[in-house]
Amino acid sequence: MNKKNRYLIIFLAIIILATALRFYALDEKVFHHDEGVHGYLTYKFMKSGAYHYDPTYHGPFLYYTTAAIFKLFGDSNFTARLLPAISGVLLVVLIYALRDQLGDEGALITAAMLAISPSFVYYSRFFRNDIYIALFSLIFIISAVKYVKHRGNWQRRIYVCTGAAAGSLAVCTKENAYIIAGFFFLFILGYLITQKQINTTTAIDASFFVLIFSAIFALFYSNFLTDPDALISVVPDAVNHWTEMHRIERIGGHWSFYLPILLRYELPITLFAAAGGAYYLEKRNIFMIFLIYWGTTALITYSYLQEKVPWLVPHILLPFALLAGAYLGELLPALPQKPRRIEAAVVLIVVLSAALFIQQSVFINYCENTKSDEIVVLGVPIHGLIYVHTTAEVLDVVDFIDQRVRDDSNTSILIAAPENDYWPLPWYTRNYEGCGYLDKVPARSSADIIIIPEEKRYNITIHWSYSNKEFTLRPGYKMLQYYKPESESK
């Protein structure tokens with residue numbers, strides 16, 4: 001077998017591993033709060049066809065694409081998470097296109113790290129927008145390097161198209177795409193100025209880029225031109241909403257929030273990205289300098305912003321993974337030429353950090369997947385990837401409701417909580433016509449099944465014949481399920 005075929009087989013094996021890790025038991029974990037919101041809104045959109053942008057729930061890409069999946073294959077936990085899982089696999093596949101920049105060995109190592117990464121596996125199995133943003137960011141970078149390579153011929157237009165599509169779809173997915181676009185724009189502008197490449201060709205290609213970007217943006221945000229007036233307010237609404245969330249520190253935290261997560265889960269990427277950064281700065285490799293710039297500015301920006309959530313980790317991690325993989329691709333083959341002590345030390349660091357890397361990925365994705373994984377070291381809490389996840393107790397409640405509805409299709413259900421704080425229950429009850437939701441607990445109700453926050457139990461009058469059961473929706477938040485005896489509800 002020649003070297004090229006052996007390389008392809010190894011890369012294919014990594015892709016198969018990535019696919020298995022993302023699709024194994026994909027539908028088993030209970031939906032998170034945000035998954036419930038996105039799933040329910042997508043389901044309603046599929047039924048009504050009406051969409052209007054609300055920055056609280058991010059851009060339209062997730063809703064359009066998942067609604068299409070729901071129409072084709074039905075609405076379920078699996079189909080909701082299907083596209084994130086596919087996107088996570090594509091991230092690994094696309095590393096093949098960066099072999100010239102990362103090196104053959106570097107591309108293999110990068111693909112393997114992304115395939116196994118606790119964070120990337122976790123958010124490839126999670127119905128949120130962030131894995132899409134990571135995918136579109138990578139497509140944009142590949143398009144940029146291919147554009148530079150083919151700048152002197154017609155093929156560059158292909159990469160203008162793919163770059164514009166990726167950039168626009170990212171902005172149609174989530175608002176932090178504006179931040180990433182700012183990072184990229186500043187670097188590209190600096191590169192063009194220093195390389196003295198601002199000319200007529202650049203201007204024409206930039207105009208073509210803007211045209212494609214704008215067309216895709218307009219189609220998604222205007223509900224495919226059925227609501228063109230919506231385009232006027234998209235960017236101001238996005239900027240104003242998230243500026244306000246930062247100002248009020250909606251989900252605030254210490255500036256170092258992301259560092260423990262990177263060290264705990266992504267140790268080999270963190271260690272070798274740091275070492276590789278120093279190495280490539282000295283070598284003045286422009287692509288690697290870009291990765292250092294991208295990763296560092298992302299870490300600083302998200303550490304500053306007062307919206308500290310673990311699903312932003314992939315946006316910090318992606319450039320560092322590319323950097324670490326490239327560096328390891330150069331370091332490991334050169335080890336036999338190093339002194340034995342250095343070779344042994346490097347091998348030990350690689351093996352131990354990789355072992356922790358794999359253990360954490362298995363633990364976070366297939367073992368401890370609903371309980372909080374925050375740990376305390378010397379009295380300091382170290383945040384984990386699992387963030388106020390819904391407990392498995394909710395599935396017992398859902399099973400109970402399913403059984404009652406099967407026994408009596410006229411079963412009435414009321415779910416009530418201040419500020420609609422009952423997600424993801426509406427996702428699980430989406431197909432029940434007799435289910436209603438309230439943003440406050442009513443003074444009384446005669447529904448067959450009533451679900452309210454435990455702390456509001458004295459705010460409602462329930463008939464004495466009801467039974468009740470307490471359950472934990474998520475850590476620290478208990479709810480009560482009241483239900484009539486079956487004989488009375490029929």
# chains A, B, ... in the order shown; residues from 1 in each chain; ligands from 1
$ residues_around --residues "Ile212 (chain A)" --least-positions-apart "3" --cutoff "12 Å" --atoms "only C-alpha atoms" --output "PyMOL selection string"
chain A and resi 157-169+205-209+215-219
$ closest_atom_pairs --of "region 132-250 of chain A" --to "region 313-317 of chain A" --cutoff "9 Å" --atoms "only C-alpha atoms" --output "Markdown table"
| residue | atom | partner | partner_atom | distance |
| --- | --- | --- | --- | --- |
| A:Ile133 | CA | A:His315 | CA | 7.8 |
| A:Ala134 | CA | A:His315 | CA | 6.2 |
| A:Ser137 | CA | A:His315 | CA | 8.8 |
| A:Ile180 | CA | A:His315 | CA | 8.6 |
$ residues_around --residues "region 9-15 of chain A" --least-positions-apart "2" --cutoff "12 Å" --atoms "only C-alpha atoms" --output "CSV table (one decimal) with N, CA and C atoms, in the first residue's frame"
chain,number,residue,atom,x,y,z
A,1,MET,N,0.9,-1.2,0.0
A,1,MET,CA,0.0,0.0,0.0
A,1,MET,C,0.9,1.2,0.0
A,2,ASN,N,0.6,2.2,-0.9
A,2,ASN,CA,1.5,3.4,-1.0
A,2,ASN,C,1.1,4.4,0.1
A,3,LYS,N,1.9,5.4,0.3
A,3,LYS,CA,1.8,6.3,1.4
A,3,LYS,C,0.5,7.1,1.3
A,4,LYS,N,0.1,7.5,0.1
A,4,LYS,CA,-1.1,8.3,-0.1
A,4,LYS,C,-2.4,7.5,0.3
A,5,ASN,N,-2.4,6.3,-0.1
A,5,ASN,CA,-3.6,5.4,0.3
A,5,ASN,C,-3.7,5.2,1.8
A,6,ARG,N,-2.5,4.9,2.4
A,6,ARG,CA,-2.4,4.7,3.8
A,6,ARG,C,-2.9,6.0,4.5
A,7,TYR,N,-2.5,7.1,4.0
A,7,TYR,CA,-2.9,8.4,4.7
A,7,TYR,C,-4.5,8.5,4.6
A,17,LEU,N,-14.7,7.4,13.2
A,17,LEU,CA,-14.7,7.6,14.7
A,17,LEU,C,-15.5,8.8,15.1
A,18,ALA,N,-15.3,9.9,14.4
A,18,ALA,CA,-16.0,11.2,14.7
A,18,ALA,C,-17.5,10.9,14.5
A,19,THR,N,-17.9,10.2,13.5
A,19,THR,CA,-19.3,9.9,13.2
A,19,THR,C,-19.9,9.1,14.3
A,20,ALA,N,-19.2,8.0,14.7
A,20,ALA,CA,-19.7,7.1,15.8
A,20,ALA,C,-19.8,7.9,17.1
A,21,LEU,N,-18.9,8.7,17.4
A,21,LEU,CA,-18.9,9.4,18.7
A,21,LEU,C,-20.1,10.4,18.7
A,22,ARG,N,-20.5,11.0,17.6
A,22,ARG,CA,-21.5,12.0,17.5
A,22,ARG,C,-22.9,11.4,17.4
A,86,ILE,N,-24.1,16.1,12.2
A,86,ILE,CA,-23.5,16.1,10.8
A,86,ILE,C,-22.5,17.3,10.7
A,88,GLY,N,-20.7,18.5,13.1
A,88,GLY,CA,-19.6,18.1,13.9
A,88,GLY,C,-18.7,17.2,13.1
A,89,VAL,N,-19.3,16.3,12.3
A,89,VAL,CA,-18.5,15.4,11.5
A,89,VAL,C,-17.8,16.2,10.3
A,90,LEU,N,-18.6,17.1,9.7
A,90,LEU,CA,-18.0,17.9,8.6
A,90,LEU,C,-16.8,18.7,9.1
A,91,LEU,N,-16.8,19.2,10.3
A,91,LEU,CA,-15.7,19.9,10.8
A,91,LEU,C,-14.4,19.1,10.7
A,92,VAL,N,-14.5,17.8,11.0
A,92,VAL,CA,-13.4,16.9,10.9
A,92,VAL,C,-13.0,16.6,9.5
A,93,VAL,N,-14.0,16.4,8.6
A,93,VAL,CA,-13.8,16.1,7.2
A,93,VAL,C,-13.0,17.3,6.5
A,94,LEU,N,-13.4,18.5,6.9
A,94,LEU,CA,-12.9,19.7,6.2
A,94,LEU,C,-11.4,20.0,6.5
A,95,ILE,N,-10.9,19.4,7.6
A,95,ILE,CA,-9.5,19.6,7.9
A,95,ILE,C,-8.6,19.1,6.8
A,96,TYR,N,-9.1,18.1,6.1
A,96,TYR,CA,-8.4,17.6,4.9
A,96,TYR,C,-8.0,18.7,3.9
A,97,ALA,N,-8.8,19.7,3.8
A,97,ALA,CA,-8.6,20.8,2.9
A,97,ALA,C,-7.4,21.7,3.3
A,99,ARG,N,-4.4,20.6,4.5
A,99,ARG,CA,-3.2,19.9,4.6
A,99,ARG,C,-2.0,20.7,4.3
A,104,ASP,N,0.7,17.3,6.4
A,104,ASP,CA,0.0,16.1,6.4
A,104,ASP,C,-0.2,15.5,7.8
A,105,GLU,N,0.8,15.4,8.6
A,105,GLU,CA,0.7,14.9,9.9
A,105,GLU,C,-0.1,15.8,10.8
A,106,GLY,N,0.1,17.1,10.6
A,106,GLY,CA,-0.7,18.1,11.4
A,106,GLY,C,-2.2,18.0,11.1
A,107,ALA,N,-2.5,17.8,9.9
A,107,ALA,CA,-3.9,17.6,9.5
A,107,ALA,C,-4.6,16.4,10.2
A,108,LEU,N,-3.8,15.3,10.2
A,108,LEU,CA,-4.3,14.1,10.8
A,108,LEU,C,-4.5,14.3,12.3
A,109,ILE,N,-3.5,14.9,13.0
A,109,ILE,CA,-3.6,15.1,14.4
A,109,ILE,C,-4.8,16.1,14.7
A,110,THR,N,-4.9,17.1,13.9
A,110,THR,CA,-6.0,18.1,14.2
A,110,THR,C,-7.3,17.4,14.0
A,111,ALA,N,-7.5,16.6,12.9
A,111,ALA,CA,-8.7,15.9,12.7
A,111,ALA,C,-9.0,15.0,13.9
A,112,ALA,N,-8.0,14.3,14.4
A,112,ALA,CA,-8.2,13.4,15.5
A,112,ALA,C,-8.6,14.1,16.7
A,113,MET,N,-8.0,15.2,17.0
A,113,MET,CA,-8.3,16.0,18.2
A,113,MET,C,-9.8,16.6,18.1
A,114,LEU,N,-10.2,17.0,16.9
A,114,LEU,CA,-11.5,17.5,16.8
A,114,LEU,C,-12.5,16.4,16.9
A,115,ALA,N,-12.1,15.2,16.4
A,115,ALA,CA,-13.0,14.1,16.4
A,115,ALA,C,-13.3,13.7,17.9
A,116,ILE,N,-12.3,13.8,18.8
A,116,ILE,CA,-12.4,13.3,20.1
A,116,ILE,C,-12.7,14.4,21.1
$ atom_distance --atom1 "CA of Phe224 (chain A)" --atom2 "CA of Tyr53 (chain A)"
12.6 Å
$ residues_around --residues "region 438-443 of chain A" --least-positions-apart "3" --cutoff "6 Å" --atoms "only C-alpha atoms" --output "PyMOL selection string"
chain A and resi 416-420+460
$ write_last_selection --atoms "C-alpha atoms" --output "PDB file, in the first residue's frame"
ATOM      1  CA  ALA A 416     -47.214  27.327  34.452  1.00  0.00           C
ATOM      2  CA  ALA A 417     -44.160  29.180  35.762  1.00  0.00           C
ATOM      3  CA  PRO A 418     -43.065  32.823  36.111  1.00  0.00           C
ATOM      4  CA  GLU A 419     -41.183  34.049  33.031  1.00  0.00           C
ATOM      5  CA  ASN A 420     -42.063  30.794  31.227  1.00  0.00           C
ATOM      6  CA  ILE A 460     -52.653  27.942  43.649  1.00  0.00           C
TER       7      ILE A 460
END
$ residues_around --residues "Phe127 (chain A)" --least-positions-apart "3" --cutoff "12 Å" --atoms "only C-alpha atoms" --output "NGL selection string"
:A and (26-27 or 29-40 or 42 or 62-63 or 66 or 76-88 or 122-124 or 130-132 or 311)
$ write_last_selection --atoms "N, CA and C atoms" --output "short mmCIF file (atom, residue, chain, number, x, y, z; two decimals), in the first residue's frame"
data_model
loop_
_atom_site.label_atom_id
_atom_site.label_comp_id
_atom_site.auth_asym_id
_atom_site.auth_seq_id
_atom_site.Cartn_x
_atom_site.Cartn_y
_atom_site.Cartn_z
N LEU A 26 -27.64 9.29 20.25
CA LEU A 26 -27.81 10.73 20.07
C LEU A 26 -29.08 11.26 20.70
N ASP A 27 -30.13 10.45 20.72
CA ASP A 27 -31.43 10.94 21.19
C ASP A 27 -31.72 10.61 22.65
N LYS A 29 -30.15 11.48 25.66
CA LYS A 29 -30.03 12.51 26.69
C LYS A 29 -31.23 13.44 26.66
N VAL A 30 -31.76 13.76 27.84
CA VAL A 30 -32.91 14.67 27.94
C VAL A 30 -32.52 16.03 27.38
N PHE A 31 -33.51 16.71 26.80
CA PHE A 31 -33.26 18.03 26.20
C PHE A 31 -32.89 19.06 27.28
N HIS A 32 -31.89 19.88 26.96
CA HIS A 32 -31.53 21.04 27.78
C HIS A 32 -32.61 22.11 27.61
N HIS A 33 -32.63 23.07 28.53
CA HIS A 33 -33.54 24.23 28.46
C HIS A 33 -33.52 24.84 27.06
N ASP A 34 -32.32 25.18 26.55
CA ASP A 34 -32.22 25.86 25.26
C ASP A 34 -32.61 24.95 24.11
N GLU A 35 -32.29 23.68 24.21
CA GLU A 35 -32.73 22.74 23.18
C GLU A 35 -34.25 22.70 23.12
N GLY A 36 -34.89 22.73 24.28
CA GLY A 36 -36.34 22.73 24.32
C GLY A 36 -36.93 23.95 23.64
N VAL A 37 -36.33 25.12 23.91
CA VAL A 37 -36.81 26.36 23.28
C VAL A 37 -36.65 26.27 21.77
N HIS A 38 -35.45 25.92 21.32
CA HIS A 38 -35.21 25.85 19.88
C HIS A 38 -36.08 24.80 19.21
N GLY A 39 -36.22 23.65 19.87
CA GLY A 39 -37.03 22.58 19.29
C GLY A 39 -38.49 22.99 19.17
N TYR A 40 -39.03 23.59 20.23
CA TYR A 40 -40.44 23.98 20.22
C TYR A 40 -40.70 25.08 19.19
N THR A 42 -38.96 25.71 16.53
CA THR A 42 -38.83 25.12 15.19
C THR A 42 -40.10 24.35 14.83
N LEU A 62 -30.96 27.94 11.94
CA LEU A 62 -31.31 26.74 12.70
C LEU A 62 -32.77 26.36 12.49
N TYR A 63 -33.65 27.34 12.48
CA TYR A 63 -35.09 27.06 12.40
C TYR A 63 -35.48 26.56 11.00
N THR A 66 -33.76 22.94 10.42
CA THR A 66 -34.32 21.87 11.25
C THR A 66 -35.80 21.64 10.92
N SER A 76 -38.32 14.82 16.48
CA SER A 76 -37.90 13.98 17.59
C SER A 76 -36.59 14.51 18.13
N ASN A 77 -36.16 13.96 19.26
CA ASN A 77 -34.85 14.33 19.79
C ASN A 77 -33.76 14.07 18.77
N PHE A 78 -33.85 12.93 18.10
CA PHE A 78 -32.81 12.54 17.14
C PHE A 78 -32.78 13.50 15.96
N THR A 79 -33.92 13.78 15.37
CA THR A 79 -33.92 14.65 14.18
C THR A 79 -33.55 16.09 14.54
N ALA A 80 -33.88 16.53 15.75
CA ALA A 80 -33.48 17.87 16.17
C ALA A 80 -31.96 17.98 16.27
N ARG A 81 -31.31 16.91 16.72
CA ARG A 81 -29.86 16.93 16.89
C ARG A 81 -29.11 16.42 15.66
N LEU A 82 -29.84 16.05 14.62
CA LEU A 82 -29.22 15.45 13.45
C LEU A 82 -28.23 16.39 12.76
N LEU A 83 -28.66 17.60 12.46
CA LEU A 83 -27.78 18.53 11.75
C LEU A 83 -26.57 18.98 12.58
N PRO A 84 -26.73 19.24 13.89
CA PRO A 84 -25.52 19.50 14.69
C PRO A 84 -24.51 18.35 14.61
N ALA A 85 -25.00 17.11 14.67
CA ALA A 85 -24.09 15.96 14.61
C ALA A 85 -23.40 15.90 13.25
N ILE A 86 -24.14 16.13 12.18
CA ILE A 86 -23.54 16.14 10.84
C ILE A 86 -22.51 17.26 10.73
N SER A 87 -22.84 18.43 11.28
CA SER A 87 -21.91 19.56 11.25
C SER A 87 -20.62 19.23 11.99
N GLY A 88 -20.75 18.52 13.12
CA GLY A 88 -19.57 18.13 13.88
C GLY A 88 -18.68 17.18 13.08
N TYR A 122 -19.44 17.20 22.49
CA TYR A 122 -20.60 17.59 23.30
C TYR A 122 -21.55 18.51 22.52
N TYR A 123 -20.98 19.53 21.87
CA TYR A 123 -21.84 20.48 21.17
C TYR A 123 -22.21 20.03 19.76
N SER A 124 -21.66 18.90 19.32
CA SER A 124 -22.17 18.25 18.10
C SER A 124 -23.37 17.37 18.41
N ASP A 130 -24.05 26.80 18.04
CA ASP A 130 -22.62 27.06 18.07
C ASP A 130 -21.80 26.14 17.19
N ILE A 131 -22.21 24.90 17.02
CA ILE A 131 -21.45 24.01 16.15
C ILE A 131 -21.56 24.46 14.70
N TYR A 132 -22.69 25.08 14.33
CA TYR A 132 -22.82 25.63 12.99
C TYR A 132 -21.85 26.79 12.78
N TRP A 311 -21.00 27.02 26.07
CA TRP A 311 -21.14 26.72 24.64
C TRP A 311 -20.41 27.73 23.76
#
$ select_by_dssp --residues "region 429-465 of chain A" --states "strand (DSSP E or B)" --output "list in words"
Cys435, Gly436, Tyr437, Leu438, Arg444, Ile449, Ile450, Ile451, Ile452, Pro453 and Thr461 of chain A
$ atom_distance --atom1 "CA of Leu189 (chain A)" --atom2 "CA of Ala203 (chain A)"
12.2 Å
$ atom_distance --atom1 "CA of Tyr258 (chain A)" --atom2 "CA of Gly190 (chain A)"
28.3 Å
$ residues_around --residues "Trp242 (chain A)" --least-positions-apart "4" --cutoff "8 Å" --atoms "only C-alpha atoms" --output "PyMOL selection string"
chain A and resi 55+238+246
$ closest_residue --among "A:Pro236, A:Asp229, A:Pro319, A:Leu305" --to "Leu138 (chain A)" --atoms "only C-alpha atoms"
A:Pro319
$ closest_residue --among "A:Val235, A:Ala25, A:Val148, A:Ala275" --to "Ile188 (chain A)" --atoms "only C-alpha atoms"
A:Val148
$ closest_residue --among "A:Arg444, A:Arg340, A:Phe23, A:Phe185" --to "Ile141 (chain A)" --atoms "only C-alpha atoms"
A:Phe185
$ closest_residue --among "A:Phe187, A:Phe357, A:Tyr304, A:Tyr280" --to "Pro268 (chain A)" --atoms "only C-alpha atoms"
A:Phe357
